[in-house]
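Structure data follow from model.cif (mmCIF, C-alpha atoms and all ligand atoms):
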```cif
data_coords
loop_
_atom_site.label_atom_id
_atom_site.label_comp_id
_atom_site.auth_asym_id
_atom_site.auth_seq_id
_atom_site.Cartn_x
_atom_site.Cartn_y
_atom_site.Cartn_z
CA MET I 27 104.99 32.61 45.35
CA ASN I 28 107.92 34.95 45.33
CA PRO I 29 110.31 33.91 48.11
CA ASN I 30 112.03 37.27 48.13
CA ARG I 31 108.77 39.13 48.72
CA ARG I 32 107.81 36.88 51.59
CA ALA I 33 111.17 37.39 53.24
CA GLY I 34 110.80 41.19 52.96
CA ASP I 35 107.31 41.16 54.39
CA GLY I 36 108.53 39.11 57.27
CA ALA I 37 111.32 41.56 57.94
CA ARG I 38 108.87 44.50 57.99
CA ARG I 39 106.60 42.67 60.35
CA GLU I 40 109.45 41.88 62.71
CA SER I 41 110.47 45.52 62.81
CA HIS I 42 107.23 46.53 64.55
CA GLY I 43 107.86 47.05 68.23
CA SER I 44 111.61 46.26 68.11
CA PHE I 45 114.79 48.35 67.57
CA ARG I 46 116.41 48.09 64.17
CA PRO I 47 119.99 49.36 64.14
CA PRO I 48 120.67 51.95 61.40
CA SER I 49 122.61 50.72 58.42
CA MET I 50 126.25 51.85 58.11
CA ALA I 51 125.42 53.97 55.06
CA ARG I 52 122.65 55.76 56.93
CA LEU I 53 124.92 56.38 59.94
CA VAL I 54 127.65 57.86 57.75
CA TRP I 55 125.05 60.04 56.02
CA TRP I 56 123.75 61.53 59.26
CA LEU I 57 127.23 61.96 60.72
CA GLY I 58 128.29 63.77 57.56
CA LEU I 59 125.24 66.00 57.67
CA GLY I 60 125.92 66.83 61.33
CA ALA I 61 129.56 67.65 60.62
CA LEU I 62 128.53 69.87 57.71
CA ALA I 63 125.96 71.68 59.85
CA PHE I 64 128.67 72.32 62.46
CA LEU I 65 131.49 73.26 60.08
CA ALA I 66 129.56 75.39 57.61
CA PRO I 67 129.11 78.40 59.92
CA VAL I 68 132.73 78.07 61.10
CA VAL I 69 134.09 77.94 57.55
CA LEU I 70 131.81 80.72 56.31
CA GLY I 71 132.59 82.85 59.35
CA GLY I 72 136.31 82.34 58.85
CA CYS I 73 136.24 83.03 55.13
CA TRP I 74 134.01 86.06 54.83
CA PRO I 75 136.79 88.64 55.39
CA TYR I 76 138.61 87.23 52.36
CA THR I 77 135.67 88.23 50.18
CA LEU I 78 136.57 91.87 50.89
CA PHE I 79 139.52 91.29 48.59
CA PRO I 80 141.56 94.28 49.73
CA ASP I 81 144.47 94.79 47.38
CA TYR I 82 147.18 97.36 48.04
CA ARG I 83 149.87 99.06 46.07
CA PHE I 84 153.02 99.07 48.21
CA GLN I 85 155.92 101.46 47.96
CA THR I 86 159.31 100.14 46.97
CA PRO I 87 161.47 99.63 50.09
CA THR I 88 164.07 102.40 50.33
CA PRO I 89 166.35 103.26 53.24
CA PHE I 90 165.93 106.48 55.21
CA GLU I 91 167.64 109.35 53.46
CA GLY I 92 168.31 113.04 53.93
CA SER I 93 171.03 115.40 55.02
CA ARG I 94 169.76 115.75 58.61
CA LEU I 95 169.54 113.34 61.53
CA PHE I 96 166.41 112.91 63.63
CA ASP I 97 166.98 112.17 67.31
CA PRO I 98 163.77 110.96 69.01
CA TYR I 99 165.17 111.69 72.47
CA SER I 100 165.97 115.35 71.83
CA GLY I 101 162.52 116.69 72.73
CA ALA I 102 161.78 114.40 75.66
CA THR I 103 160.97 115.89 79.06
CA GLY I 104 159.99 114.49 82.44
CA ARG I 105 161.14 111.40 84.28
CA TRP I 106 161.40 107.83 83.10
CA TRP I 107 158.45 105.50 83.83
CA LYS I 108 158.55 101.72 83.78
CA ALA I 109 155.72 100.07 81.84
CA ASN I 110 154.35 96.71 80.76
CA PHE I 111 151.69 96.96 78.05
CA HIS I 112 151.20 93.26 77.40
CA ALA I 113 149.72 90.96 80.07
CA HIS I 114 146.73 88.67 80.13
CA ALA I 115 144.10 88.13 82.80
CA TYR I 116 141.24 85.66 83.09
CA ALA I 117 138.79 86.51 80.31
CA TRP I 118 136.17 85.12 77.97
CA ARG I 119 135.07 82.54 80.62
CA GLY I 120 138.48 80.95 80.52
CA MET I 121 138.57 80.30 76.78
CA THR I 122 141.72 82.43 76.47
CA ASN I 123 144.95 81.91 78.35
CA GLY I 124 144.95 84.11 81.44
CA HIS I 125 144.93 82.89 85.02
CA GLN I 126 144.45 85.82 87.42
CA SER I 127 142.04 88.72 87.51
CA ALA I 128 142.95 92.02 85.86
CA ARG I 129 143.11 93.64 89.28
CA GLU I 130 145.58 91.00 90.50
CA VAL I 131 147.76 91.50 87.42
CA ARG I 132 147.88 95.27 87.84
CA ARG I 133 148.57 94.96 91.57
CA PHE I 134 151.40 92.45 90.95
CA TYR I 135 153.20 94.76 88.55
CA ARG I 136 152.83 97.77 90.81
CA HIS I 137 154.37 95.79 93.67
CA LEU I 138 157.21 94.90 91.29
CA GLY I 139 157.89 98.63 90.88
CA TYR I 140 156.14 99.28 87.59
CA ASP I 141 154.53 102.69 87.11
CA ILE I 142 152.28 101.59 84.27
CA ALA I 143 150.71 98.12 84.40
CA CYS I 144 148.35 97.26 81.57
CA VAL I 145 146.13 94.27 80.94
CA SER I 146 145.85 93.43 77.24
CA ASN I 147 143.29 90.67 76.90
CA TYR I 148 142.39 89.33 73.49
CA GLN I 149 139.68 91.39 71.82
CA SER I 150 138.72 93.01 75.12
CA ILE I 151 139.73 96.39 76.54
CA ASP I 152 140.60 96.62 80.22
CA THR I 153 139.17 99.81 81.69
CA GLY I 154 140.52 99.30 85.20
CA ASP I 155 138.78 99.71 88.51
CA PRO I 156 136.24 102.51 89.03
CA GLY I 157 138.02 105.78 89.67
CA ASP I 158 141.38 104.43 88.50
CA SER I 159 142.56 107.20 86.19
CA ASP I 160 146.01 105.65 85.65
CA VAL I 161 144.78 102.75 83.56
CA ILE I 162 145.71 102.88 79.90
CA PRO I 163 143.20 100.95 77.79
CA VAL I 164 144.94 98.24 75.78
CA TYR I 165 143.87 95.08 74.00
CA GLU I 166 145.54 92.44 71.87
CA HIS I 167 144.03 92.05 68.44
CA GLY I 168 144.08 88.89 66.38
CA TYR I 169 142.53 85.44 66.21
CA ASN I 170 144.30 83.61 63.42
CA LEU I 171 146.42 80.54 62.82
CA HIS I 172 149.77 82.33 62.60
CA LYS I 173 149.56 84.46 65.77
CA ILE I 174 149.56 87.65 63.72
CA HIS I 175 148.78 89.85 66.70
CA GLU I 176 148.81 93.56 67.41
CA LEU I 177 148.56 95.58 70.58
CA VAL I 178 146.31 98.63 70.41
CA ILE I 179 147.38 101.06 73.15
CA GLY I 180 144.91 103.79 74.12
CA ALA I 181 142.22 101.83 72.32
CA LYS I 182 138.78 103.35 72.06
CA ARG I 183 136.99 100.30 70.68
CA VAL I 184 137.74 96.75 69.67
CA THR I 185 138.23 95.95 65.99
CA TRP I 186 136.85 92.50 65.26
CA LEU I 187 137.95 92.20 61.67
CA ASP I 188 140.64 89.58 61.15
CA PHE I 189 141.65 86.96 58.59
CA PRO I 190 141.63 83.73 60.62
CA LEU I 191 143.44 81.51 58.13
CA ASP I 192 146.43 82.53 56.06
CA GLN I 193 147.05 86.23 55.46
CA SER I 194 148.38 87.85 52.31
CA LEU I 195 150.41 91.04 52.49
CA SER I 196 147.31 93.02 51.54
CA ASP I 197 145.22 91.26 54.20
CA ARG I 198 147.78 92.24 56.85
CA GLN I 199 147.84 95.83 55.60
CA TYR I 200 144.06 96.03 55.62
CA VAL I 201 143.93 94.93 59.27
CA LEU I 202 146.64 97.42 60.29
CA ASP I 203 144.79 100.24 58.53
CA ARG I 204 141.55 99.31 60.25
CA LEU I 205 143.24 99.23 63.65
CA ASP I 206 144.88 102.58 62.97
CA GLN I 207 141.56 104.14 61.92
CA ASP I 208 139.71 102.76 64.93
CA GLY I 209 141.83 104.76 67.38
CA GLY I 210 144.78 104.04 69.64
CA ILE I 211 148.40 103.49 68.73
CA VAL I 212 149.18 100.22 66.95
CA ALA I 213 152.10 97.97 67.90
CA LEU I 214 153.08 94.75 66.14
CA ALA I 215 153.12 92.15 68.91
CA HIS I 216 155.92 89.53 69.04
CA PRO I 217 156.35 89.65 65.21
CA TRP I 218 158.72 86.65 65.14
CA LEU I 219 156.41 84.35 67.09
CA ARG I 220 155.19 81.55 64.79
CA ASN I 221 156.68 83.77 62.06
CA GLY I 222 153.59 85.97 62.34
CA TYR I 223 155.29 88.83 60.55
CA PRO I 224 157.99 87.39 58.27
CA THR I 225 160.85 89.79 57.62
CA ARG I 226 159.90 90.02 53.94
CA THR I 227 156.48 91.43 54.85
CA LEU I 228 158.04 94.05 57.13
CA ARG I 229 159.83 95.54 54.13
CA TYR I 230 156.43 96.67 52.86
CA LEU I 231 153.89 96.94 55.66
CA THR I 232 153.02 100.29 57.16
CA GLY I 233 150.25 101.67 59.37
CA TYR I 234 151.80 100.79 62.73
CA SER I 235 153.81 103.05 65.04
CA LEU I 236 155.41 100.63 67.51
CA MET I 237 157.04 97.24 67.41
CA GLU I 238 157.33 94.82 70.35
CA VAL I 239 161.02 94.13 69.82
CA ALA I 240 161.46 92.21 73.09
CA ARG I 241 158.93 89.87 74.62
CA ARG I 242 159.30 87.65 77.66
CA GLY I 243 163.08 87.94 77.66
CA VAL I 244 163.49 87.19 73.95
CA VAL I 245 164.73 89.89 71.56
CA GLY I 246 163.53 89.84 67.95
CA ALA I 247 165.53 92.76 66.63
CA ASP I 248 165.93 91.20 63.17
CA ARG I 249 162.30 92.12 62.39
CA TRP I 250 162.84 95.67 63.58
CA ASP I 251 166.00 96.05 61.50
CA ALA I 252 164.20 94.64 58.43
CA ALA I 253 161.51 97.31 58.71
CA LEU I 254 163.92 100.13 59.56
CA SER I 255 166.26 99.16 56.71
CA ALA I 256 163.31 99.42 54.29
CA GLY I 257 162.48 102.92 55.55
CA HIS I 258 159.57 101.98 57.83
CA LEU I 259 159.92 103.75 61.14
CA SER I 260 158.58 102.30 64.36
CA TRP I 261 159.58 102.86 67.97
CA ILE I 262 160.38 100.11 70.43
CA ILE I 263 158.24 98.63 73.17
CA ALA I 264 159.20 95.60 75.28
CA ASP I 265 156.74 93.50 77.28
CA ASP I 266 156.29 90.34 79.28
CA ASP I 267 153.17 89.06 77.49
CA GLU I 268 152.39 87.52 80.87
CA HIS I 269 149.72 84.79 81.04
CA ASP I 270 150.22 83.41 84.53
CA LEU I 271 151.71 85.34 87.45
CA ALA I 272 152.69 82.06 89.10
CA ARG I 273 154.75 80.82 86.18
CA PRO I 274 158.48 81.50 86.57
CA GLY I 275 159.89 83.61 83.76
CA ASP I 276 156.55 85.15 82.81
CA THR I 277 156.97 88.41 84.70
CA GLY I 278 159.50 91.21 85.07
CA VAL I 279 161.71 90.06 82.20
CA SER I 280 160.96 92.64 79.47
CA TRP I 281 159.67 96.16 79.91
CA THR I 282 159.43 99.59 78.31
CA MET I 283 160.91 102.76 79.77
CA ILE I 284 159.03 105.92 78.80
CA GLN I 285 160.10 109.51 79.37
CA ALA I 286 157.05 111.68 79.92
CA PRO I 287 155.96 114.59 82.16
CA THR I 288 153.39 112.38 83.92
CA LYS I 289 152.18 108.80 83.65
CA HIS I 290 148.75 110.00 82.64
CA ARG I 291 147.32 108.29 79.58
CA SER I 292 147.66 111.28 77.22
CA ASP I 293 151.30 111.94 78.19
CA VAL I 294 152.25 108.29 77.87
CA ILE I 295 150.64 107.90 74.46
CA ALA I 296 152.24 111.15 73.24
CA ALA I 297 155.64 109.86 74.43
CA LEU I 298 155.08 106.51 72.68
CA ARG I 299 154.23 108.29 69.44
CA ALA I 300 157.32 110.50 69.74
CA GLY I 301 159.75 107.65 70.42
CA HIS I 302 160.64 108.71 73.97
CA THR I 303 161.14 105.07 74.91
CA TYR I 304 163.64 102.29 75.19
CA GLY I 305 163.24 98.59 75.82
CA VAL I 306 164.87 96.53 78.56
CA VAL I 307 165.41 92.79 79.03
CA GLY I 308 166.28 91.97 82.64
CA HIS I 309 165.10 90.04 85.69
CA HIS I 310 162.44 90.84 88.31
CA GLY I 311 161.95 94.24 86.69
CA VAL I 312 165.46 95.31 87.64
CA SER I 313 168.13 96.69 85.32
CA ASP I 314 171.85 96.39 86.15
CA VAL I 315 172.58 99.93 85.07
CA GLY I 316 170.67 103.17 84.56
CA LEU I 317 170.71 105.12 81.32
CA ARG I 318 172.18 108.55 82.03
CA GLU I 319 172.38 110.22 78.65
CA VAL I 320 171.53 109.79 75.00
CA THR I 321 172.50 112.86 73.00
CA LEU I 322 173.14 113.64 69.37
CA ARG I 323 175.87 116.29 69.18
CA HIS I 324 175.97 117.34 65.54
CA ASP I 325 176.70 113.98 63.91
CA THR I 326 178.03 112.24 67.03
CA LEU I 327 175.81 109.98 69.09
CA VAL I 328 176.79 109.97 72.76
CA VAL I 329 175.45 107.35 75.19
CA ARG I 330 176.30 107.26 78.89
CA THR I 331 175.24 104.89 81.68
CA ASP I 332 176.01 104.10 85.31
CA PRO I 333 179.06 101.88 85.88
CA GLY I 334 178.44 98.27 84.93
CA ALA I 335 177.85 98.21 81.17
CA THR I 336 180.04 95.65 79.46
CA SER I 337 179.27 96.66 75.90
CA PHE I 338 177.76 99.46 73.82
CA ARG I 339 176.80 98.19 70.37
CA PHE I 340 175.99 100.65 67.55
CA ILE I 341 173.85 98.89 64.94
CA GLY I 342 172.99 100.20 61.48
CA GLN I 343 171.40 99.31 58.15
CA ASN I 344 170.41 95.62 57.83
CA GLY I 345 171.26 95.09 61.48
CA GLU I 346 175.01 95.33 60.87
CA LEU I 347 177.28 96.12 63.80
CA ARG I 348 178.94 99.49 63.14
CA ARG I 349 180.93 99.88 66.34
CA GLU I 350 181.30 98.21 69.73
CA VAL I 351 182.71 99.88 72.84
CA ARG I 352 183.54 97.63 75.80
CA ASP I 353 183.93 98.20 79.55
CA SER I 354 183.13 101.88 79.62
CA MET I 355 180.48 104.18 81.04
CA GLU I 356 180.30 106.17 77.82
CA ALA I 357 180.42 105.43 74.11
CA ARG I 358 180.40 107.63 71.00
CA TYR I 359 179.67 106.98 67.38
CA VAL I 360 180.10 109.42 64.51
CA VAL I 361 177.13 108.80 62.23
CA ARG I 362 178.39 108.36 58.67
CA SER I 363 176.74 109.92 55.64
CA THR I 364 176.04 106.36 54.48
CA ASP I 365 174.15 105.41 57.67
CA PRO I 366 170.38 105.55 57.05
CA TYR I 367 169.85 104.85 60.76
CA VAL I 368 171.80 103.90 63.85
CA ARG I 369 170.49 102.36 67.03
CA VAL I 370 172.24 101.39 70.26
CA GLU I 371 172.15 98.29 72.44
CA ILE I 372 173.71 98.36 75.90
CA VAL I 373 174.65 95.00 77.38
CA THR I 374 175.46 94.15 81.00
CA PRO I 375 175.84 90.73 82.67
CA HIS I 376 172.08 90.54 83.34
CA THR I 377 170.48 93.25 81.23
CA ARG I 378 170.09 94.29 77.61
CA MET I 379 168.81 97.78 76.79
CA LEU I 380 167.62 98.65 73.28
CA LEU I 381 167.37 102.31 72.31
CA ASN I 382 165.33 103.86 69.52
CA PRO I 383 167.13 104.67 66.26
CA ILE I 384 168.58 107.95 65.11
CA ILE I 385 167.37 108.25 61.51
CA ARG I 386 168.10 110.28 58.41
CA TYR I 387 165.46 112.72 57.15
CA ASP I 388 165.22 115.96 55.20
CA GLY I 389 164.95 118.22 58.25
CA SER I 390 161.18 118.84 58.04
CA ALA I 391 158.53 116.58 59.52
CA LEU I 392 159.04 112.83 59.58
CA VAL I 393 157.09 111.25 56.75
CA ARG I 394 155.63 107.82 57.27
CA ARG I 395 155.34 105.57 54.25
CA THR I 396 151.86 104.57 53.21
CA ALA I 397 150.34 101.71 51.26
CA LYS I 398 147.40 102.68 49.06
CA PRO I 399 144.41 100.47 48.31
CA MET I 400 144.02 99.92 44.58
CA GLU I 401 141.27 101.67 42.68
CA PRO I 402 138.17 99.52 41.99
CA GLN I 403 138.86 99.50 38.22
CA GLU I 404 142.42 98.33 38.83
CA ARG I 405 141.18 95.54 41.08
CA GLU I 406 138.64 94.41 38.46
CA ASP I 407 141.32 94.32 35.78
CA ARG I 408 143.56 92.20 37.94
CA ALA I 409 140.71 89.88 38.95
CA LEU I 410 139.83 89.36 35.28
CA LEU I 411 143.46 88.72 34.46
CA ALA I 412 143.67 86.20 37.28
CA ALA I 413 140.43 84.55 36.16
CA GLY I 414 141.94 84.08 32.71
CA VAL I 415 145.45 83.12 33.62
CA ILE I 416 144.81 80.66 36.48
CA PRO I 417 142.88 78.08 34.36
CA VAL I 418 145.58 78.28 31.68
CA LEU I 419 148.28 77.62 34.27
CA GLY I 420 146.21 74.78 35.71
CA LEU I 421 145.82 73.25 32.24
CA LEU I 422 149.54 73.53 31.55
CA GLY I 423 150.27 71.87 34.88
CA PHE I 424 147.78 69.11 34.11
CA LEU I 425 149.37 68.48 30.71
CA GLY I 426 152.66 67.90 32.45
CA ILE I 427 154.79 70.81 31.28
CA PRO I 428 158.32 70.07 32.53
CA LYS I 429 159.06 71.81 35.80
CA GLY I 430 161.83 74.01 34.40
CA ARG I 431 159.54 75.42 31.73
CA ARG I 432 156.57 76.19 33.94
CA LEU I 433 155.49 79.79 34.14
CA GLU I 434 156.24 81.23 37.53
CA GLY I 435 154.75 84.24 39.28
CA ARG I 436 152.59 85.26 36.34
CA GLY I 437 149.23 84.42 37.86
CA THR I 438 147.25 86.88 39.85
CA ASP I 439 149.19 90.00 40.61
CA ARG I 440 147.33 90.36 43.85
CA ALA I 441 149.84 91.38 46.47
CA ASP I 442 149.69 88.14 48.38
CA ASP I 443 152.30 86.03 50.16
CA ARG I 444 154.73 86.97 47.47
CA CYS I 445 155.92 90.45 48.20
CA PRO I 446 155.59 92.87 45.29
ZN ZN I 501 149.53 88.39 74.31
#
```
Turn this file's structure into structure tokens for me.
Amino acid sequence: MNPNRRAGDGARRESHGSFRPPSMARLVWWLGLGALAFLAPVVLGGCWPYTLFPDYRFQTPTPFEGSRLFDPYSGATGRWWKANFHAHAYAWRGMTNGHQSAREVRRFYRHLGYDIACVSNYQSIDTGDPGDSDVIPVYEHGYNLHKIHELVIGAKRVTWLDFPLDQSLSDRQYVLDRLDQDGGIVALAHPWLRNGYPTRTLRYLTGYSLMEVARRGVVGADRWDAALSAGHLSWIIADDDEHDLARPGDTGVSWTMIQAPTKHRSDVIAALRAGHTYGVVGHHGVSDVGLREVTLRHDTLVVRTDPGATSFRFIGQNGELRREVRDSMEARYVVRSTDPYVRVEIVTPHTRMLLNPIIRYDGSALVRRTAKPMEPQEREDRALLAAGVIPVLGLLGFLGIPKGRRLEGRGTDRADDRCP
């Protein structure tokens, strides 16, 4: 008699009517299968936009040039309105960070003296209360690891396309183009936050009209200067990006002033497009001084405020300080022929005001740079090149080619994290 067989039979008999714990291997197998079933849709859902493979041809960064100077404030009419375009309310059943209702947020800002109080929830447009004609529809776009977010002001519909993981330069451009095509005016939101828009990308990207240069009391002017220095024009907005009205420091610390005939949606959006704005960093929605005048007289920029300004700073190409005037109500700067742009910051003990730039142009209409998607044939050629080169590079790496001799930057020429 086979002792092994008897033992097995006995074990099978004992299993009838009693619980047999699963073996470790079987447990791992089922756990793995469950994890795969859960992760597969997430991974596939996150990766599908990358299959669109949008490649762009970017223009070489060049400073603004021309014999004439464009002054965005010259054509502005009407009074100045105080606005916050970036605030979050409770949304998406609490999955996103917003604590009060949209109505409470709007009411709070109006009590604080704001004329325009927007709610910019993630991927959701606030349409206001019934009959409220003052509401400007805004939403914040973006659901990705690096907080690459945009505000769409005057939005008509939500754009759901995004690249949730890393984003190449072309991926970013593709999103901006889609947002621009889908209506509204596009602003880069807090571009320095989690390095969402590195300065090197801002030398190439286009397709946006506004940049959130100040957010919740923090100024990220280096990103603005990087784009302006490369010839990419955008006008300033400044916002709180409020998430909780009860949290100190979340409200009334950064706002946008807009000069427009009325605060109706169409006038405000036209003023945003035209650059009739400046940004303010202050406290409780209050500025130390009022801006009285910004005028370009021939080639001389004249700025005047109420008493109280401690410094007027004229800033030019690459963010360099061109001139500083202290303890005065008025400051002047003669724009040099070598200045592609000049912008002004006014500093007081508790306030910082950032004005839009005066830029060089040829005297006709302002021309915005564009980035063009590559032709299908061009894309195929590059994909084939990449398909051939990448395995060769991998083989060379595997064979242990000394580091100094390794080929660099000769793989795919797709405009990715490397800027072109
Ligand atoms: Zn936000």
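Among the candidates I:Lys182, I:Arg241, I:His137, I:Arg318, the one nearest to ligand ZN 501 (chain I) when counting only C-alpha atoms and all ligand atoms is I:Arg241.
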Exercise for review: For ligand ZN 501 (chain I), collect every residue having any atom at a distance of at most 10 Å from a ligand atom (counting all atoms listed in the file); output as a PyMOL selection string.
Suggested key: chain I and resi 111-114+123-124+145-148+165-168+173+175-177+215-216+241+265-269
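Candidate residues I:Gly120, I:Gly209, I:Gly154, I:Gly278 were compared for distance to I:Val312, and the nearest is I:Gly278, using only C-alpha atoms.
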Review point. What's the 12 Å shell around I:Ser313, counting all atoms listed in the file, without same-chain residues fewer than 3 positions away, as number ranges by chain?
Key: I: 108, 139, 278-283, 305-310, 316-317, 331-332, 334-335, 372-379
Exercise for review: Give me, please, the distance in Å between atom CA of I:Val315 and atom CA of I:Pro333, quoted to one decimal.
Suggested key: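 These two atoms are separated by 6.8 Å.
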